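Q: This one is upload-v1.cif, mmCIF, C-alpha atoms.
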```cif
data_entry
#
loop_
_atom_site.label_atom_id
_atom_site.label_comp_id
_atom_site.auth_asym_id
_atom_site.auth_seq_id
_atom_site.Cartn_x
_atom_site.Cartn_y
_atom_site.Cartn_z
CA MET A 1 195.71 99.64 99.52
CA VAL A 2 195.97 103.11 97.96
CA VAL A 3 192.18 103.47 97.84
CA ARG A 4 191.81 102.49 101.50
CA THR A 5 194.55 104.92 102.49
CA TRP A 6 192.90 107.73 100.55
CA ASP A 7 189.50 106.99 102.09
CA TRP A 8 191.12 107.00 105.52
CA LEU A 9 192.75 110.38 104.88
CA ARG A 10 189.52 111.90 103.50
CA CYS A 11 187.88 111.26 106.88
CA ARG A 12 190.70 113.16 108.67
CA LYS A 13 190.68 116.65 107.19
CA PRO A 14 192.84 118.32 109.87
CA LEU A 15 195.62 115.81 109.23
CA VAL A 16 195.54 116.46 105.46
CA ASP A 17 195.38 120.24 105.98
CA ALA A 18 198.35 120.05 108.32
CA PHE A 19 200.23 118.15 105.62
CA PHE A 20 199.60 120.93 103.07
CA ALA A 21 200.46 123.66 105.60
CA ALA A 22 203.77 121.99 106.48
CA PRO A 23 205.68 123.30 103.39
CA VAL A 24 204.70 126.87 104.26
CA LEU A 25 205.95 126.32 107.79
CA LEU A 26 209.24 124.76 106.64
CA LEU A 27 209.95 127.50 104.12
CA THR A 28 209.19 130.12 106.73
CA LEU A 29 211.63 128.51 109.17
CA ALA A 30 214.43 129.31 106.73
CA GLY A 31 213.83 132.98 107.47
CA LEU A 32 215.02 132.52 111.04
CA VAL A 33 218.59 132.43 109.79
CA GLY A 34 220.13 135.85 110.32
CA GLU A 35 217.91 138.86 110.98
CA PRO A 36 214.71 138.04 109.09
CA TYR A 37 213.27 140.97 107.13
CA GLY A 38 214.74 143.47 109.56
CA ILE A 39 212.55 142.31 112.47
CA SER A 40 213.39 140.32 115.54
CA LYS A 41 213.29 136.57 115.43
CA VAL A 42 210.64 136.58 118.15
CA LYS A 43 208.22 138.68 116.09
CA TYR A 44 209.02 136.62 113.00
CA ALA A 45 208.37 133.33 114.79
CA LEU A 46 205.18 134.71 116.34
CA MET A 47 203.84 135.81 112.95
CA MET A 48 204.82 132.44 111.46
CA VAL A 49 202.95 130.48 114.14
CA LEU A 50 199.86 132.71 114.23
CA LEU A 51 199.47 132.64 110.43
CA THR A 52 200.15 128.93 109.76
CA LEU A 53 198.62 127.25 112.80
CA PRO A 54 194.94 128.00 111.83
CA LEU A 55 195.51 126.29 108.46
CA VAL A 56 195.19 122.94 110.22
CA LEU A 57 191.43 123.59 110.44
CA ARG A 58 190.97 125.46 107.16
CA ARG A 59 188.51 122.91 105.66
CA THR A 60 186.87 122.04 108.96
CA LEU A 61 186.11 125.71 109.82
CA PRO A 62 186.87 127.60 106.58
CA ARG A 63 185.20 130.92 107.40
CA THR A 64 186.54 131.02 110.96
CA VAL A 65 190.08 130.20 109.83
CA PHE A 66 189.98 132.85 107.10
CA ALA A 67 188.66 135.45 109.52
CA ALA A 68 191.40 134.61 112.03
CA ILE A 69 194.19 134.81 109.44
CA ALA A 70 192.78 138.05 107.99
CA LEU A 71 192.58 139.58 111.46
CA ILE A 72 196.17 138.57 112.27
CA SER A 73 197.33 140.07 108.97
CA PHE A 74 195.45 143.29 109.72
CA VAL A 75 197.10 143.54 113.17
CA GLN A 76 200.44 142.86 111.49
CA CYS A 77 199.80 145.79 109.16
CA VAL A 78 198.75 148.09 112.01
CA LEU A 79 201.87 147.19 114.04
CA ASP A 80 203.98 147.81 110.95
CA VAL A 81 205.39 144.28 110.91
CA VAL A 82 206.62 143.64 107.40
CA PRO A 83 204.94 140.82 105.43
CA VAL A 84 206.47 137.36 105.79
CA LEU A 85 206.21 134.21 103.72
CA ALA A 86 203.54 132.88 106.05
CA ASN A 87 201.16 135.61 104.81
CA VAL A 88 200.40 133.28 101.88
CA ALA A 89 198.03 131.66 104.40
CA VAL A 90 195.56 134.46 103.52
CA LEU A 91 195.40 133.19 99.95
CA MET A 92 195.00 129.59 101.15
CA GLY A 93 192.13 130.68 103.39
CA LEU A 94 190.53 132.60 100.50
CA TYR A 95 190.73 129.53 98.24
CA THR A 96 189.18 127.30 100.93
CA VAL A 97 186.24 129.66 101.51
CA ALA A 98 185.58 130.03 97.77
CA ALA A 99 185.81 126.26 97.19
CA ASN A 100 183.78 125.07 100.19
CA CYS A 101 181.30 127.84 101.04
CA SER A 102 178.56 129.61 99.14
CA PHE A 103 179.27 132.14 96.43
CA ARG A 104 178.48 135.14 98.65
CA TRP A 105 180.90 133.98 101.33
CA GLY A 106 183.58 133.46 98.68
CA LEU A 107 182.91 136.93 97.29
CA ALA A 108 183.11 138.46 100.78
CA ALA A 109 186.42 136.70 101.40
CA MET A 110 187.78 137.92 98.06
CA LEU A 111 186.80 141.56 98.80
CA SER A 112 188.34 141.31 102.28
CA THR A 113 191.56 139.99 100.77
CA GLU A 114 191.54 142.77 98.19
CA VAL A 115 191.16 145.34 100.96
CA GLY A 116 194.14 143.74 102.68
CA ALA A 117 196.14 143.98 99.43
CA ALA A 118 195.31 147.69 99.20
CA LEU A 119 196.32 148.27 102.86
CA ALA A 120 199.58 146.37 102.36
CA THR A 121 200.38 148.43 99.25
CA TRP A 122 199.68 151.66 101.13
CA ARG A 123 201.44 150.60 104.35
CA TYR A 124 204.62 149.36 102.75
CA PRO A 125 205.34 151.81 99.92
CA ASP A 126 208.25 151.24 97.57
CA GLY A 127 207.96 154.14 95.19
CA ALA A 128 204.88 155.39 93.31
CA ASN A 129 205.38 153.19 90.24
CA ASN A 130 206.25 150.12 92.26
CA ARG A 131 203.17 150.72 94.43
CA LYS A 132 200.87 150.60 91.40
CA TYR A 133 202.61 147.54 90.02
CA THR A 134 202.42 145.77 93.42
CA PHE A 135 198.71 146.52 93.80
CA VAL A 136 197.92 145.24 90.30
CA MET A 137 199.92 142.06 90.84
CA LEU A 138 198.30 141.41 94.22
CA THR A 139 194.87 142.01 92.68
CA VAL A 140 195.59 139.54 89.88
CA VAL A 141 196.80 136.94 92.38
CA VAL A 142 193.75 137.43 94.63
CA ALA A 143 191.32 137.21 91.68
CA GLY A 144 193.10 134.12 90.34
CA VAL A 145 192.93 132.31 93.69
CA TRP A 146 189.25 133.24 94.07
CA LEU A 147 188.38 132.02 90.56
CA LEU A 148 190.31 128.80 91.18
CA GLY A 149 188.26 128.23 94.33
CA LEU A 150 185.01 128.90 92.44
CA HIS A 151 186.08 126.45 89.74
CA MET A 152 186.78 123.73 92.29
CA ARG A 153 183.45 124.41 94.01
CA THR A 154 181.58 124.10 90.69
CA ARG A 155 183.50 120.97 89.75
CA ARG A 156 182.76 119.29 93.08
CA ALA A 157 179.08 120.19 92.77
CA TYR A 158 179.03 118.68 89.28
CA LEU A 159 180.73 115.49 90.48
CA ARG A 160 178.25 115.22 93.35
CA SER A 161 175.35 115.61 90.93
CA VAL A 162 176.83 112.94 88.65
CA GLU A 163 177.24 110.55 91.60
CA GLU A 164 173.71 111.26 92.82
CA ARG A 165 172.34 110.72 89.30
CA ALA A 166 174.24 107.44 89.01
CA GLU A 167 172.93 106.29 92.39
CA ARG A 168 169.40 107.30 91.43
CA LEU A 169 169.63 105.46 88.11
CA GLU A 170 170.97 102.41 89.91
CA ARG A 171 168.08 102.52 92.37
CA GLU A 172 165.59 102.94 89.52
CA ARG A 173 167.19 100.04 87.66
CA ASP A 174 166.96 97.85 90.77
CA ASN A 175 163.32 98.87 91.22
CA GLU A 176 162.56 98.07 87.58
CA VAL A 177 164.21 94.68 87.98
CA LYS A 178 162.15 94.01 91.11
CA VAL A 179 158.93 95.06 89.35
CA ALA A 180 159.78 92.86 86.38
CA MET A 181 160.57 89.93 88.66
CA ALA A 182 157.32 90.45 90.57
CA GLY A 183 155.39 90.57 87.30
CA GLU A 184 157.10 87.40 86.07
CA ARG A 185 156.37 85.64 89.37
CA ALA A 186 152.73 86.69 89.12
CA ARG A 187 152.55 85.42 85.54
CA ILE A 188 154.10 82.08 86.50
CA ALA A 189 151.74 81.82 89.48
CA ARG A 190 148.74 82.32 87.18
CA GLU A 191 150.07 79.79 84.71
CA LEU A 192 150.75 77.23 87.44
CA HIS A 193 147.31 77.79 88.93
CA ASP A 194 145.61 77.21 85.59
CA VAL A 195 147.73 74.17 84.70
CA VAL A 196 147.65 72.46 88.09
CA ALA A 197 144.01 73.22 88.91
CA HIS A 198 142.73 71.97 85.56
CA ASN A 199 144.82 68.80 85.33
CA VAL A 200 144.39 67.83 88.97
CA SER A 201 140.63 68.29 88.62
CA VAL A 202 140.62 65.98 85.59
CA ILE A 203 142.75 63.43 87.45
CA VAL A 204 140.44 63.49 90.48
CA VAL A 205 137.33 63.00 88.34
CA GLN A 206 138.96 60.15 86.41
CA ALA A 207 140.24 58.51 89.59
CA ASP A 208 136.74 58.61 91.12
CA GLY A 209 135.29 57.08 87.96
CA ALA A 210 137.95 54.36 87.87
CA SER A 211 137.32 53.46 91.52
CA TYR A 212 133.59 52.96 90.82
CA ALA A 213 134.09 51.06 87.55
CA ILE A 214 137.00 48.83 88.51
CA ASP A 215 134.74 46.01 89.73
CA THR A 216 132.04 46.26 87.07
CA ASP A 217 133.72 47.62 83.93
CA VAL A 218 137.45 46.93 83.78
CA GLY A 219 137.77 48.42 80.31
CA ARG A 220 136.30 51.73 81.41
CA ALA A 221 138.52 51.75 84.49
CA ARG A 222 141.56 51.10 82.31
CA GLN A 223 140.56 53.97 80.02
CA ALA A 224 140.23 56.27 83.04
CA LEU A 225 143.69 55.29 84.25
CA GLU A 226 145.12 55.98 80.79
CA THR A 227 143.50 59.42 80.87
CA ILE A 228 145.02 60.03 84.31
CA SER A 229 148.44 59.02 82.99
CA SER A 230 148.28 61.26 79.92
CA THR A 231 146.88 64.17 81.93
CA GLY A 232 149.65 63.84 84.50
CA ARG A 233 152.31 63.81 81.80
CA MET A 234 150.78 66.88 80.20
CA ALA A 235 150.74 68.69 83.54
CA LEU A 236 154.38 67.80 84.17
CA ALA A 237 155.40 69.00 80.70
CA GLU A 238 153.68 72.37 81.17
CA MET A 239 155.11 72.77 84.66
CA ARG A 240 158.61 72.06 83.36
CA ARG A 241 158.11 74.69 80.68
CA LEU A 242 156.91 77.27 83.22
CA LEU A 243 159.52 76.55 85.85
CA GLY A 244 162.26 76.42 83.24
CA VAL A 245 162.20 80.21 82.93
CA LEU A 246 163.37 80.38 86.54
CA ARG A 247 166.53 78.46 85.76
CA GLU A 248 169.69 80.16 84.64
CA ASN A 249 172.67 78.70 82.81
CA ASP A 250 170.83 75.41 82.41
CA ASP A 251 171.17 73.56 79.10
CA ILE A 252 167.55 72.50 78.81
CA GLY A 253 166.93 73.07 75.12
CA ALA A 254 163.82 74.47 73.52
CA PHE A 255 160.54 74.26 75.38
CA ALA A 256 157.27 73.24 73.80
CA PRO A 257 155.23 76.14 72.37
CA GLN A 258 152.57 77.61 74.60
CA PRO A 259 148.99 76.48 73.98
CA GLY A 260 146.68 78.62 71.90
CA VAL A 261 143.26 78.58 70.23
CA ALA A 262 144.19 75.54 68.16
CA GLN A 263 144.74 73.49 71.31
CA ILE A 264 141.23 74.13 72.67
CA ASP A 265 139.99 71.07 70.74
CA ASP A 266 142.47 68.87 72.59
CA LEU A 267 141.45 70.48 75.87
CA VAL A 268 137.77 69.77 75.15
CA GLU A 269 138.50 66.14 74.30
CA GLN A 270 140.45 65.76 77.52
CA VAL A 271 137.53 67.11 79.56
CA ARG A 272 135.02 64.97 77.66
CA ALA A 273 137.10 61.92 78.55
CA SER A 274 136.54 62.77 82.20
CA GLY A 275 132.77 62.39 81.71
CA LEU A 276 131.78 66.04 81.37
CA GLN A 277 129.44 66.93 78.50
CA VAL A 278 131.09 69.68 76.45
CA MET A 279 129.84 71.45 73.33
CA PHE A 280 132.35 73.58 71.44
CA GLU A 281 131.55 75.87 68.51
CA VAL A 282 133.27 78.69 66.65
CA ASP A 283 131.32 81.50 64.97
CA GLY A 284 132.80 83.94 62.50
CA SER A 285 136.05 83.84 60.60
CA PRO A 286 139.09 83.19 62.79
CA VAL A 287 141.75 85.90 62.59
CA VAL A 288 145.46 85.83 63.25
CA MET A 289 146.21 86.74 66.88
CA SER A 290 149.40 87.09 68.85
CA GLU A 291 150.61 84.14 70.91
CA GLY A 292 149.85 86.05 74.10
CA ARG A 293 146.21 86.58 73.13
CA GLN A 294 145.84 82.95 72.08
CA LEU A 295 147.29 81.80 75.41
CA THR A 296 144.82 84.09 77.22
CA VAL A 297 141.88 82.56 75.33
CA PHE A 298 143.11 79.04 76.09
CA ARG A 299 143.56 79.79 79.80
CA ILE A 300 140.09 81.35 80.09
CA VAL A 301 138.47 78.25 78.62
CA GLN A 302 140.68 76.01 80.74
CA GLU A 303 139.84 77.87 83.96
CA ALA A 304 136.11 77.85 83.19
CA LEU A 305 136.17 74.09 82.51
CA THR A 306 138.17 73.49 85.68
CA ASN A 307 135.61 75.42 87.73
CA THR A 308 132.81 73.34 86.21
CA LEU A 309 134.65 70.12 87.04
CA LYS A 310 135.17 71.27 90.62
CA HIS A 311 131.83 72.92 91.33
CA GLY A 312 129.32 71.99 88.61
CA GLY A 313 128.43 68.53 89.84
CA PRO A 314 128.51 65.12 88.12
CA ARG A 315 125.80 65.84 85.52
CA ALA A 316 126.87 69.30 84.45
CA ALA A 317 127.07 70.24 80.78
CA VAL A 318 129.25 72.97 79.34
CA SER A 319 128.89 75.09 76.25
CA ILE A 320 131.95 76.85 74.80
CA ARG A 321 131.52 79.45 72.09
CA LEU A 322 134.15 81.55 70.35
CA LEU A 323 132.66 84.47 68.44
CA TYR A 324 134.90 86.46 66.08
CA ALA A 325 133.20 89.81 65.74
CA GLY A 326 135.23 92.40 63.88
CA ASP A 327 138.15 93.58 65.96
CA ALA A 328 137.35 91.48 69.04
CA LEU A 329 136.93 87.87 70.08
CA GLU A 330 134.18 86.95 72.52
CA VAL A 331 134.73 83.85 74.62
CA ARG A 332 131.61 82.47 76.30
CA VAL A 333 131.61 79.44 78.58
CA ASP A 334 128.28 78.40 80.17
CA ASP A 335 127.47 75.47 82.39
CA ASP A 336 124.22 74.24 83.96
CA GLY A 337 125.75 72.87 87.15
CA ARG A 338 125.41 74.00 90.73
CA GLY A 339 127.58 77.06 90.04
CA ALA A 340 127.67 79.70 92.74
CA ALA A 341 124.96 77.94 94.68
CA ALA A 342 127.71 76.04 96.48
CA PRO A 343 128.60 77.48 99.90
CA ASP A 344 132.16 78.20 98.79
CA ASP A 345 132.66 78.17 95.04
CA GLY A 346 136.42 78.79 95.36
CA ARG A 347 136.56 80.70 92.09
CA GLY A 348 138.07 83.94 93.34
CA HIS A 349 141.70 83.27 92.48
CA GLY A 350 140.99 81.86 89.03
CA LEU A 351 138.63 84.69 88.09
CA ALA A 352 141.17 87.25 89.28
CA GLY A 353 143.75 85.61 87.02
CA MET A 354 141.32 85.78 84.09
CA ARG A 355 140.73 89.49 84.62
CA GLU A 356 144.45 90.18 84.87
CA ARG A 357 145.16 88.32 81.64
CA VAL A 358 142.39 90.01 79.66
CA ALA A 359 143.16 93.48 81.08
CA VAL A 360 146.65 93.28 79.60
CA TYR A 361 145.09 93.42 76.12
CA GLY A 362 142.43 96.00 76.94
CA GLY A 363 139.57 93.51 77.26
CA ASN A 364 137.09 92.69 79.99
CA VAL A 365 135.63 89.65 81.73
CA ARG A 366 132.20 89.04 83.23
CA ALA A 367 131.74 85.98 85.43
CA ALA A 368 128.56 85.40 87.39
CA PRO A 369 125.86 82.80 88.18
CA ARG A 370 123.19 82.33 85.52
CA PRO A 371 119.59 83.20 86.40
CA GLY A 372 118.36 79.68 85.66
CA GLY A 373 121.22 77.96 87.45
CA GLY A 374 124.80 77.31 86.55
CA PHE A 375 127.60 79.72 85.87
CA GLU A 376 128.78 81.71 82.89
CA VAL A 377 132.05 83.37 81.92
CA VAL A 378 132.09 85.95 79.12
CA ALA A 379 135.35 87.55 78.02
CA ARG A 380 135.89 90.08 75.25
CA ILE A 381 139.46 90.37 73.94
CA PRO A 382 140.59 92.80 71.22
CA VAL A 383 142.38 90.81 68.53
CA ARG A 384 144.66 93.62 67.31
CA GLU A 385 146.93 96.16 68.94
CA GLU A 386 145.68 99.72 69.02
CA VAL A 387 147.99 101.95 67.00
CA GLY A 388 148.10 105.60 67.99
CA ALA A 389 148.45 108.48 65.58
CA ALA A 390 151.95 109.30 64.45
#
```
Could you show the structure in this file as structure tokens?
A:
Amino acid sequence: MVVRTWDWLRCRKPLVDAFFAAPVLLLTLAGLVGEPYGISKVKYALMMVLLTLPLVLRRTLPRTVFAAIALISFVQCVLDVVPVLANVAVLMGLYTVAANCSFRWGLAAMLSTEVGAALATWRYPDGANNRKYTFVMLTVVVAGVWLLGLHMRTRRAYLRSVEERAERLERERDNEVKVAMAGERARIARELHDVVAHNVSVIVVQADGASYAIDTDVGRARQALETISSTGRMALAEMRRLLGVLRENDDIGAFAPQPGVAQIDDLVEQVRASGLQVMFEVDGSPVVMSEGRQLTVFRIVQEALTNTLKHGGPRAAVSIRLLYAGDALEVRVDDDGRGAAAPDDGRGHGLAGMRERVAVYGGNVRAAPRPGGGFEVVARIPVREEVGAA
């Protein structure tokens, strides 16, 4: 309630300024009792109204209000009307200009007020010593009000900069969250593509084989159906693991570890069971790699085998070779199928995913039809992080 009231008042500056000018007006009204300051009540009331009324707009039109009050005070001095309590409006106008306008406008207002103090001291003398004392006191008051206005102006500028910085940091944080979410969605999309495309391709090949063998070789058809069942369960398990990262506050438990180089043997056996001829060999001494790199190697082999299943034809043969050469691992997958000779090989999305995965680790991928027929995928992946100089 208090916050809403304050926000409502902040949008109505004249009302707030009138509230702060009211005490000056009330205190000045007390001077109407008797003969105020040796002048007529009419002149006193006129000075009171002319000096306090502009204060209602002091923050809306600070320079105009100060100029009006200063001019009225100057006319008061020329007409030899003694100062009244309402002349404090000059100091209120000076403070408002210093606090809300630029430094040069605040300085100009301060010098104008100081000139007015000098004129008042000269126009209303009260002895030589008292004149000096009055001028010094007025100068101190004017300088103090001006410095107070400058302090408030600096403080408000600092608070505005802090608020702007906080808003900017909040926007940057939101943008970072969005970028991270987009990256995670892209990663999950690549994972789902690799998992679904590979396993569905195996299931389709096995289902076709089972349909042909069901009348002539029941045992082979049963084996194909078992392969379909195990492949489907594997696909569901991987999809649960991938989609589980999208759930929050869900007591799922630990997910299965992500596949790596060690699981390529199982992948090859699964593809061989679908009828595809696969040769797998490893050259060089295997080195320890991060889980991310191992997952990248697994997905490259999986995507290449999936493409062969989809586009290589029924008699295609695949050769998989992992070559550990110093600080890099070369993954080569060749097939002798139809390859890119098909009208639409459909490999664009999978190859783009390969390149994205390998680029994360500073590697490269080359995928193209072979001169003698078929298709080849060659990926080179650094096996260690590059450490810069300290």
Q: Find, counting all atoms listed in the file, the residue in A:Val383, A:Ala166, A:Leu91, A:Val318 that gets nearest to Gly149 in chain A.
A: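 Smallest separation from Gly149 in chain A among the options: A:Leu91.
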Q: Around (133.3, 85.5, 76.4) in the file's frame, which residues reach within 9 Å when counting only C-alpha atoms? Return as a VMD selection string?
A: chain A and resid 300 320 to 323 329 to 333 364 to 366 376 to 381
Q: Distance CA of Leu305 in chain A-CA of Arg357 in chain A, one decimal place?
A: 16.9 Å
Q: Find the distance between CA of Pro14 in chain A and CA of Pro62 in chain A and write it in Å to one decimal.
A: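 So the answer is 11.5 Å.
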Q: Expand the PyMOL selection byres ((chain A and resi 289) around 10) into the individual residues it matches in the shown file, reporting them as an MDAnalysis selection string.
A: chainID A and resid 260:261 286:288 290:295 329 382:385
Q: In Å, rounded to a single decimal, give me how far CA of Ala359 in chain A is from CA of Ala317 in chain A.
A: 28.3 Å
Q: I'd like to see the residues matched by the PyMOL selection byres ((chain A and resi 267) around 12) on this file, and ideally I'd get them as a PyMOL selection string.
A: chain A and resi 195+198-199+202+231+234+259-266+268-274+276+278-280+298-306+320
Q: Assuming the chain letters and numbering stay as they are in my file, what does the PyMOL selection byres ((chain A and resi 218-227) around 10) actually select? List them as a ChimeraX atom specification.
A: /A:202-203,205-217,228-233,270-271,273-275
Q: Go ahead and find all residues with at least one atom no further than 12 Å from (195.9, 150.2, 101.2) in the file's coordinates, using only C-alpha atoms; report them as an NGL selection string.
A: :A and (74 or 77-78 or 112-125 or 131-132 or 134-135 or 138-139)
Q: Of the candidates A:Gly93, A:Gly374, A:Pro23, A:Pro369, which shows the shortest atom-to-atom distance to Ala109 in chain A, using only C-alpha atoms?
A: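 Nearest candidate to Ala109 in chain A out of A:Gly93, A:Gly374, A:Pro23, A:Pro369: A:Gly93.
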Q: Give the answer as one residue: which of A:Ala21, A:Val179, A:Leu150, A:Val136 has the shortest atom-to-atom distance to Val88 in chain A, using only C-alpha atoms?
A: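 Checking each candidate against Val88 in chain A, we get A:Ala21 as the closest.
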Q: Excluding same-chain residues fewer than 2 positions from Lys310 in chain A, what lies within 9 Å of it counting only C-alpha atoms, as a list in words?
A: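 Contacts, in chain order: Ser201, Val205, Leu305, Thr306, Asn307, Thr308, Gly312, Gly313, Asp345 and Gly346 of chain A.
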Q: Please determine, counting all atoms listed in the file, which residue among A:Met47, A:Leu85, A:Val145, A:Val282 has the shortest atom-to-atom distance to Leu26 in chain A.
A: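 Closest to Leu26 in chain A of all the choices is A:Leu85.
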Q: Return as lines of an AutoDock Vina configuration file the centre and edge lengths, in Å with one decimal, of the box along x, y and z that encloses every atom of range 65-79 of chain A in the file, padded by 4 Å per side.
A:
```
center_x = 195.3
center_y = 139.1
center_z = 110.6
size_x = 21.2
size_y = 25.9
size_z = 14.9
```
Q: Considering all atoms listed in the file, can you say which of A:Leu159, A:Val84, A:Met137, A:Leu169 comes closest to Leu46 in chain A?
A: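 Counting all atoms listed in the file, the residue closest to Leu46 in chain A is A:Val84.
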